[in-house]
Structure formats: C-alpha cells, structure tokens
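Structure file upload.txt; described as compact mmCIF, C-alpha atoms.
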```
# COMPACT_ATOMS: atom_id res chain seq x y z
CA MET Z 578 158.23 100.28 69.85
CA LEU Z 579 157.43 103.41 71.82
CA LEU Z 580 158.54 107.04 71.74
CA PHE Z 581 160.38 108.70 74.64
CA ARG Z 582 161.95 112.03 75.46
CA SER Z 583 165.00 110.71 77.29
CA GLU Z 584 166.91 107.66 78.50
CA GLU Z 585 165.85 108.45 82.05
CA TRP Z 586 162.18 108.08 81.14
CA ILE Z 587 162.83 104.80 79.35
CA ASP Z 588 164.42 103.39 82.52
CA LYS Z 589 161.46 104.55 84.62
CA TRP Z 590 158.96 103.06 82.18
CA CYS Z 591 160.78 99.72 82.12
CA GLN Z 592 160.88 99.62 85.94
CA ARG Z 593 157.21 100.51 86.24
CA ASN Z 594 156.22 97.78 83.76
CA HIS Z 595 158.68 95.20 85.12
CA LEU Z 596 160.38 94.91 81.76
CA GLU Z 597 164.01 94.58 80.87
CA ARG Z 598 165.41 97.50 78.96
CA GLY Z 599 165.81 96.73 75.27
CA GLU Z 600 167.71 98.83 72.76
CA VAL Z 601 167.28 102.54 72.27
CA LEU Z 602 167.68 104.30 68.93
CA THR Z 603 167.25 107.94 68.01
CA ILE Z 604 164.44 108.91 65.65
CA GLN Z 605 167.13 109.65 63.08
CA GLN Z 606 168.52 106.12 63.35
CA VAL Z 607 165.05 104.60 63.02
CA TRP Z 608 164.38 106.88 60.05
CA GLU Z 609 167.47 105.50 58.30
CA LEU Z 610 166.42 101.94 59.20
CA SER Z 611 162.88 102.60 57.93
CA LYS Z 612 164.13 103.78 54.56
CA LEU Z 613 165.86 100.45 53.98
CA TRP Z 614 163.08 98.40 55.59
CA TYR Z 615 160.02 99.94 53.95
CA HIS Z 616 161.06 101.61 50.67
CA ASN Z 617 159.77 98.79 48.43
CA ARG Z 618 156.76 97.59 50.46
CA LEU Z 619 154.24 98.75 47.83
CA SER Z 620 156.05 96.98 45.02
CA LEU Z 621 154.50 93.91 43.41
CA ASP Z 622 158.00 92.44 43.41
CA TYR Z 623 158.35 92.58 47.21
CA HIS Z 624 158.03 88.97 48.43
CA GLY Z 625 159.42 89.36 51.94
CA ARG Z 626 163.06 89.00 52.95
CA SER Z 627 165.52 86.28 53.80
CA ALA Z 628 167.34 86.29 57.12
CA GLU Z 629 170.48 87.30 55.22
CA GLN Z 630 168.72 90.32 53.73
CA VAL Z 631 167.43 91.41 57.14
CA ALA Z 632 170.90 91.04 58.64
CA GLU Z 633 172.35 93.15 55.83
CA ILE Z 634 169.85 95.95 56.49
CA PHE Z 635 170.73 95.95 60.19
CA ARG Z 636 174.43 95.98 59.33
CA GLN Z 637 174.01 98.95 56.99
CA VAL Z 638 172.59 101.07 59.81
CA GLY Z 639 175.10 99.85 62.38
CA LEU Z 640 172.83 97.48 64.33
CA VAL Z 641 175.33 94.70 64.96
CA SER Z 642 174.91 93.83 68.64
CA ASP Z 643 173.44 90.52 69.86
CA PHE Z 644 170.08 92.26 70.20
CA TRP Z 645 169.82 92.31 66.40
CA TYR Z 646 171.21 88.82 65.87
CA ILE Z 647 169.34 86.72 63.31
CA GLN Z 648 169.36 82.95 63.34
CA ARG Z 649 170.33 81.71 59.85
CA MET S 1422 148.18 77.50 45.64
CA ASN S 1423 149.32 79.82 42.88
CA ASP S 1424 152.48 81.63 43.97
CA SER S 1425 151.98 84.50 41.54
CA LEU S 1426 148.44 85.10 42.81
CA LEU S 1427 149.69 84.92 46.40
CA TRP S 1428 151.99 87.90 45.86
CA GLN S 1429 149.40 89.75 43.80
CA ILE S 1430 147.05 89.49 46.77
CA ARG S 1431 149.76 90.82 49.12
CA HIS S 1432 150.24 93.73 46.73
CA PHE S 1433 146.49 94.35 46.52
CA VAL S 1434 146.20 94.49 50.32
CA TYR S 1435 149.01 97.02 50.59
CA SER S 1436 147.70 99.12 47.72
CA HIS S 1437 144.24 99.08 49.32
CA PHE S 1438 145.72 100.34 52.59
CA ALA S 1439 147.62 103.08 50.75
CA ASP S 1440 144.54 104.16 48.78
CA THR S 1441 141.88 103.92 51.49
CA THR S 1442 143.78 103.78 54.86
CA HIS S 1443 142.14 100.47 55.74
CA ALA S 1444 142.49 96.79 54.91
CA PRO S 1445 140.32 94.98 52.38
CA SER S 1446 138.03 92.27 53.71
CA VAL S 1447 138.55 88.77 52.41
CA GLU S 1448 135.30 89.19 50.46
CA GLU S 1449 136.58 92.37 48.78
CA THR S 1450 139.81 90.60 47.87
CA ALA S 1451 137.93 87.58 46.50
CA ALA S 1452 135.77 89.86 44.35
CA HIS S 1453 138.78 91.81 43.07
CA PHE S 1454 140.50 88.63 41.87
CA ASN S 1455 137.29 86.87 40.82
CA ILE S 1456 137.96 83.92 43.13
CA SER S 1457 135.84 82.34 45.85
CA THR S 1458 135.89 83.66 49.40
CA GLU S 1459 137.16 80.25 50.51
CA GLU S 1460 140.09 80.45 48.13
CA ALA S 1461 140.89 84.02 49.16
CA SER S 1462 140.76 82.86 52.80
CA GLU S 1463 143.49 80.30 52.12
CA TYR S 1464 145.69 82.96 50.57
CA TYR S 1465 145.11 85.26 53.56
CA LYS S 1466 146.16 82.47 55.94
CA GLU S 1467 149.25 81.71 53.87
CA LEU S 1468 150.29 85.38 53.76
CA HIS S 1469 149.78 85.56 57.52
CA ASN S 1470 151.99 82.48 57.98
CA ARG S 1471 154.67 84.08 55.81
CA HIS S 1472 154.54 87.30 57.90
CA ALA S 1473 153.43 89.30 54.84
CA PHE S 1474 150.58 90.69 56.96
CA PHE S 1475 148.92 89.64 60.21
CA LEU S 1476 145.37 88.54 60.93
CA GLU S 1477 143.43 89.00 64.14
CA PRO S 1478 143.63 85.68 66.04
CA GLU S 1479 141.21 83.04 64.74
CA THR S 1480 139.77 85.40 62.10
CA LEU S 1481 140.33 86.50 58.51
CA THR S 1482 140.45 90.16 59.49
CA ILE S 1483 143.73 91.89 58.74
CA ARG S 1484 145.11 93.65 61.83
CA MET S 1485 148.51 94.77 60.53
CA ALA S 1486 150.21 95.12 57.21
CA ASN S 1487 153.29 96.84 58.54
CA PRO S 1488 153.64 99.75 58.75
CA PHE S 1489 149.85 100.13 58.42
CA SER S 1490 147.48 99.33 61.27
CA ALA S 1491 143.86 98.43 60.53
CA ILE S 1492 142.75 99.74 63.91
CA PRO S 1493 143.20 103.20 65.49
CA THR S 1494 146.42 103.65 67.47
CA ASP S 1495 148.36 106.46 69.15
CA PHE S 1496 150.46 106.83 65.98
CA LYS S 1497 148.55 108.92 63.43
CA VAL S 1498 150.14 109.77 60.12
CA HIS S 1499 148.60 112.52 57.99
CA ALA S 1500 149.74 112.16 54.39
CA ASN S 1501 148.30 112.70 50.91
CA GLY S 1502 145.18 114.24 52.47
CA LYS S 1503 144.43 111.07 54.46
CA THR S 1504 144.99 109.87 58.02
CA TYR S 1505 146.67 106.51 58.49
CA TYR S 1506 147.36 104.60 61.68
CA ALA S 1507 150.74 103.00 62.32
CA ASN S 1508 151.41 100.06 64.61
CA CYS S 1509 154.21 101.65 66.64
CA ALA S 1510 156.77 104.44 66.77
CA TRP S 1511 158.90 102.71 64.15
CA ASP S 1512 155.99 102.15 61.78
CA MET S 1513 154.86 105.78 62.05
CA LEU S 1514 158.11 106.61 60.22
CA GLY S 1515 157.54 103.79 57.75
CA ILE S 1516 154.26 105.11 56.35
CA PRO S 1517 155.67 108.22 54.61
CA ILE S 1518 158.47 106.03 53.25
CA VAL S 1519 156.01 103.47 51.86
CA LEU S 1520 153.89 106.27 50.38
CA LYS S 1521 156.95 108.25 49.24
CA CYS S 1522 155.52 111.56 50.42
CA ASP S 1523 155.72 114.27 53.09
CA ALA S 1524 153.72 113.68 56.27
CA VAL S 1525 152.75 115.10 59.62
CA ILE S 1526 152.81 112.56 62.44
CA GLY S 1527 150.72 113.04 65.56
CA THR S 1528 151.67 110.88 68.52
CA LYS S 1529 152.44 111.16 72.23
CA PHE S 1530 155.28 110.56 74.63
CA THR S 1531 154.99 107.22 76.36
CA GLU S 1532 155.98 108.53 79.78
CA SER S 1533 153.67 111.51 80.00
CA ASN S 1534 151.04 111.17 77.28
CA ASP S 1535 152.04 114.68 76.15
CA PRO S 1536 151.20 115.07 72.47
CA ILE S 1537 153.95 115.69 69.98
CA GLN S 1538 153.99 116.38 66.28
CA LEU S 1539 156.75 115.29 63.93
CA GLU S 1540 157.14 116.34 60.34
CA VAL S 1541 158.56 114.50 57.37
CA LYS S 1542 159.53 116.87 54.59
CA ASP S 1543 161.68 116.31 51.54
CA GLY S 1544 162.99 113.04 52.93
CA GLN S 1545 164.01 114.46 56.30
CA ILE S 1546 162.48 113.98 59.75
CA THR S 1547 162.20 116.63 62.48
CA ASN S 1548 162.84 116.02 66.18
CA HIS S 1549 165.55 113.57 65.23
CA GLN S 1550 167.02 113.50 68.74
CA LEU S 1551 163.95 111.84 70.30
CA LEU S 1552 164.25 108.19 71.27
CA ILE S 1553 162.49 104.96 70.30
CA HIS S 1554 162.72 101.99 72.62
CA PHE S 1555 162.80 98.49 71.10
CA PRO S 1556 161.74 96.26 74.00
CA LEU S 1557 162.52 92.89 72.45
CA PRO S 1558 165.47 91.51 70.48
CA PHE S 1559 164.78 90.77 66.81
CA SER S 1560 164.63 87.02 67.48
CA ARG S 1561 161.48 87.56 69.56
CA TRP S 1562 159.64 90.17 67.48
CA TYR S 1563 157.16 87.71 66.03
CA ASP S 1564 156.36 85.93 69.31
CA ASP S 1565 153.70 88.54 70.14
CA LEU S 1566 153.50 91.26 67.52
CA THR S 1567 151.01 93.40 69.38
CA PHE S 1568 153.39 93.69 72.31
CA THR S 1569 156.42 94.17 70.06
```

Would you mind giving the structure from this file in structure tokens?
Amino acid sequence: MLLFRSEEWIDKWCQRNHLERGEVLTIQQVWELSKLWYHNRLSLDYHGRSAEQVAEIFRQVGLVSDFWYIQR
Amino acid sequence: MNDSLLWQIRHFVYSHFADTTHAPSVEETAAHFNISTEEASEYYKELHNRHAFFLEPETLTIRMANPFSAIPTDFKVHANGKTYYANCAWDMLGIPIVLKCDAVIGTKFTESNDPIQLEVKDGQITNHQLLIHFPLPFSRWYDDLTFT
C-alpha cells in the first residue's frame, strides 16, 4: 500500500506500472481501520483472526465492496 | 506442538520488535524459552503458516511481523525515542497504534519521491486528506505480501 497526493497521480502510477487501479482510502480512513486492525497486536491473547472477525472490522469502517470480500 | 508456547513465541517476537525495533533470531527465541533451535524453528514455520508473521523465503529469518518490518523501508516511524520501519503506508499508521504512543512518520510520495512527514498526536493523525492506494483485493493480499 503506497501513499499518494491525489487520485490523478494514482491513475498515472497504475498506468506506468501496467497495474489495475485498486481501492483508494484517505489517511483518515486507514487510520480508523488501523485502530481496529492493530490495537491488540502486542497482547498475549491475540491469536490471529477468523474470516468473520476480519469482515466485521471492514464493515465497521464501511469497507463493504467486493474488493473487501472475504471467502468464508 | 504446544499451542500455548506457539502463541507465547508470537508474543515474544512482537514484544522484541517493540522493544528493540528488530526481530529476534530463531536462536534468540530458542534461548529465551529454553528450547532447542530445531524446536524453535518448527514454531517459527508454524507461525509463518498461520500468517502470524512472515519469514524470508526458504529461511528462518523474520521479514515482517505486521506492522513492523525487519528491513529498512521508505516508511520510517519515530516513536518512544526509537526508529521503526513499517512495511507499507498502512503499516506506518499501525506502529503508533501497536505501541499506543505519539509518533512522527517520515515517508515519501510514491509519484514524486518528495518527502513528507506525518504526525500522530493524542490519537489523531495529521494530513488526513492524503490517499493510500490498495492495489489488490483482500482475497489476494497473501499471494505475494511484499508486493501487497
């Protein structure tokens, strides 16, 4: 995942690298996602996540498109 | 394989990253738990298979314990008087959350290589209008983690 200034530059970068455009989130959106994703990573009780738990995190931050679909 | 020890080793690896900014070798982990290097190697492989952390191909060297990177990257996170490396633009935000502290993040724009500094303070992030591109759908994230 890479940092960009604008949508225009993302399109140029994808064209230059012959890649399809993925999904674009603001830093603020990724910050909210990170809080749910990483808050307990240093805990001894963290044993990874089920697909259902990952899907719930995505849902909580509004990531519900096919791009974020999780096979369960 | 002892499931309790498996997760203790995962916790040790993450705590080691947080304390020192780098990953413990399999020998350091074996010594910490008073087990053989061979046994520690099996736990490392199992944790890799479970996506708890990721080894360099065909080795027992930890490359990533997300959000931490064991090798220098363009995503530097200065926190608690130390400098950590993150794996990507998402993970650079994850490090201050894992550490539960303020941070200054030094990175660059992908399109221009212009440097930029972000600040995490009191649970808030600056420059919140900047963009992060996720090139692959979630279902393909683990196909090639270095690319992802």

If the cut-off is 7 Å, can you tell me the residues of chain Z near chain S, counting all atoms listed in the file? I'd like them as a PyMOL selection string. chain Z and resi 578-583+586+590+598-605+607-608+611-612+615-621+624-625+644-647

What does the structure give for the distance between CA of Val1525 (chain S) and CA of Glu633 (chain Z), in Å to one decimal? 29.7 Å

Mind checking which residues fall within 12 Å of region 1442-1451 of chain S, counting only C-alpha atoms, ignoring those fewer than 6 positions away in the same chain, and posting them as a ChimeraX atom specification? /S:1426-1427,1429-1436,1457-1466,1474-1476,1480-1493,1497-1507,1516,1520

Mind dumping the selected residues with C-alpha atoms as a PDB file, in the coordinates of the input?
```
ATOM      1  CA  LEU S1426     148.440  85.100  42.810  1.00  0.00           C
ATOM      2  CA  LEU S1427     149.690  84.920  46.400  1.00  0.00           C
ATOM      3  CA  GLN S1429     149.400  89.750  43.800  1.00  0.00           C
ATOM      4  CA  ILE S1430     147.050  89.490  46.770  1.00  0.00           C
ATOM      5  CA  ARG S1431     149.760  90.820  49.120  1.00  0.00           C
ATOM      6  CA  HIS S1432     150.240  93.730  46.730  1.00  0.00           C
ATOM      7  CA  PHE S1433     146.490  94.350  46.520  1.00  0.00           C
ATOM      8  CA  VAL S1434     146.200  94.490  50.320  1.00  0.00           C
ATOM      9  CA  TYR S1435     149.010  97.020  50.590  1.00  0.00           C
ATOM     10  CA  SER S1436     147.700  99.120  47.720  1.00  0.00           C
ATOM     11  CA  SER S1457     135.840  82.340  45.850  1.00  0.00           C
ATOM     12  CA  THR S1458     135.890  83.660  49.400  1.00  0.00           C
ATOM     13  CA  GLU S1459     137.160  80.250  50.510  1.00  0.00           C
ATOM     14  CA  GLU S1460     140.090  80.450  48.130  1.00  0.00           C
ATOM     15  CA  ALA S1461     140.890  84.020  49.160  1.00  0.00           C
ATOM     16  CA  SER S1462     140.760  82.860  52.800  1.00  0.00           C
ATOM     17  CA  GLU S1463     143.490  80.300  52.120  1.00  0.00           C
ATOM     18  CA  TYR S1464     145.690  82.960  50.570  1.00  0.00           C
ATOM     19  CA  TYR S1465     145.110  85.260  53.560  1.00  0.00           C
ATOM     20  CA  LYS S1466     146.160  82.470  55.940  1.00  0.00           C
ATOM     21  CA  PHE S1474     150.580  90.690  56.960  1.00  0.00           C
ATOM     22  CA  PHE S1475     148.920  89.640  60.210  1.00  0.00           C
ATOM     23  CA  LEU S1476     145.370  88.540  60.930  1.00  0.00           C
ATOM     24  CA  THR S1480     139.770  85.400  62.100  1.00  0.00           C
ATOM     25  CA  LEU S1481     140.330  86.500  58.510  1.00  0.00           C
ATOM     26  CA  THR S1482     140.450  90.160  59.490  1.00  0.00           C
ATOM     27  CA  ILE S1483     143.730  91.890  58.740  1.00  0.00           C
ATOM     28  CA  ARG S1484     145.110  93.650  61.830  1.00  0.00           C
ATOM     29  CA  MET S1485     148.510  94.770  60.530  1.00  0.00           C
ATOM     30  CA  ALA S1486     150.210  95.120  57.210  1.00  0.00           C
ATOM     31  CA  ASN S1487     153.290  96.840  58.540  1.00  0.00           C
ATOM     32  CA  PRO S1488     153.640  99.750  58.750  1.00  0.00           C
ATOM     33  CA  PHE S1489     149.850 100.130  58.420  1.00  0.00           C
ATOM     34  CA  SER S1490     147.480  99.330  61.270  1.00  0.00           C
ATOM     35  CA  ALA S1491     143.860  98.430  60.530  1.00  0.00           C
ATOM     36  CA  ILE S1492     142.750  99.740  63.910  1.00  0.00           C
ATOM     37  CA  PRO S1493     143.200 103.200  65.490  1.00  0.00           C
ATOM     38  CA  LYS S1497     148.550 108.920  63.430  1.00  0.00           C
ATOM     39  CA  VAL S1498     150.140 109.770  60.120  1.00  0.00           C
ATOM     40  CA  HIS S1499     148.600 112.520  57.990  1.00  0.00           C
ATOM     41  CA  ALA S1500     149.740 112.160  54.390  1.00  0.00           C
ATOM     42  CA  ASN S1501     148.300 112.700  50.910  1.00  0.00           C
ATOM     43  CA  GLY S1502     145.180 114.240  52.470  1.00  0.00           C
ATOM     44  CA  LYS S1503     144.430 111.070  54.460  1.00  0.00           C
ATOM     45  CA  THR S1504     144.990 109.870  58.020  1.00  0.00           C
ATOM     46  CA  TYR S1505     146.670 106.510  58.490  1.00  0.00           C
ATOM     47  CA  TYR S1506     147.360 104.600  61.680  1.00  0.00           C
ATOM     48  CA  ALA S1507     150.740 103.000  62.320  1.00  0.00           C
ATOM     49  CA  ILE S1516     154.260 105.110  56.350  1.00  0.00           C
ATOM     50  CA  LEU S1520     153.890 106.270  50.380  1.00  0.00           C
TER      51      LEU S1520
END
```

Between CA of Gln606 (chain Z) and CA of Val638 (chain Z), what is the distance in Å, rounded to a tenth?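 Taking CA of Gln606 (chain Z) as the start and CA of Val638 (chain Z) as the end point, the length is 7.4 Å.
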
Kindly give the distance, in Å, that separates CA of Glu629 (chain Z) and CA of Arg649 (chain Z), rounded to a single decimal. 7.3 Å

Residues within 9 Å of Gln637 (chain Z), only C-alpha atoms, excluding chain neighbours under 4 positions, as a ChimeraX atom specification: /Z:610,613,632-633

Those selected residues, please, written with C-alpha atoms and delivered as a JSON list (two decimals), keeping the file's coordinate frame.
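File produced: selection_8.json:
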```json
[["chain", "number", "residue", "atom", "x", "y", "z"],
["Z", 610, "LEU", "CA", 166.42, 101.94, 59.20],
["Z", 613, "LEU", "CA", 165.86, 100.45, 53.98],
["Z", 632, "ALA", "CA", 170.90, 91.04, 58.64],
["Z", 633, "GLU", "CA", 172.35, 93.15, 55.83]]
```
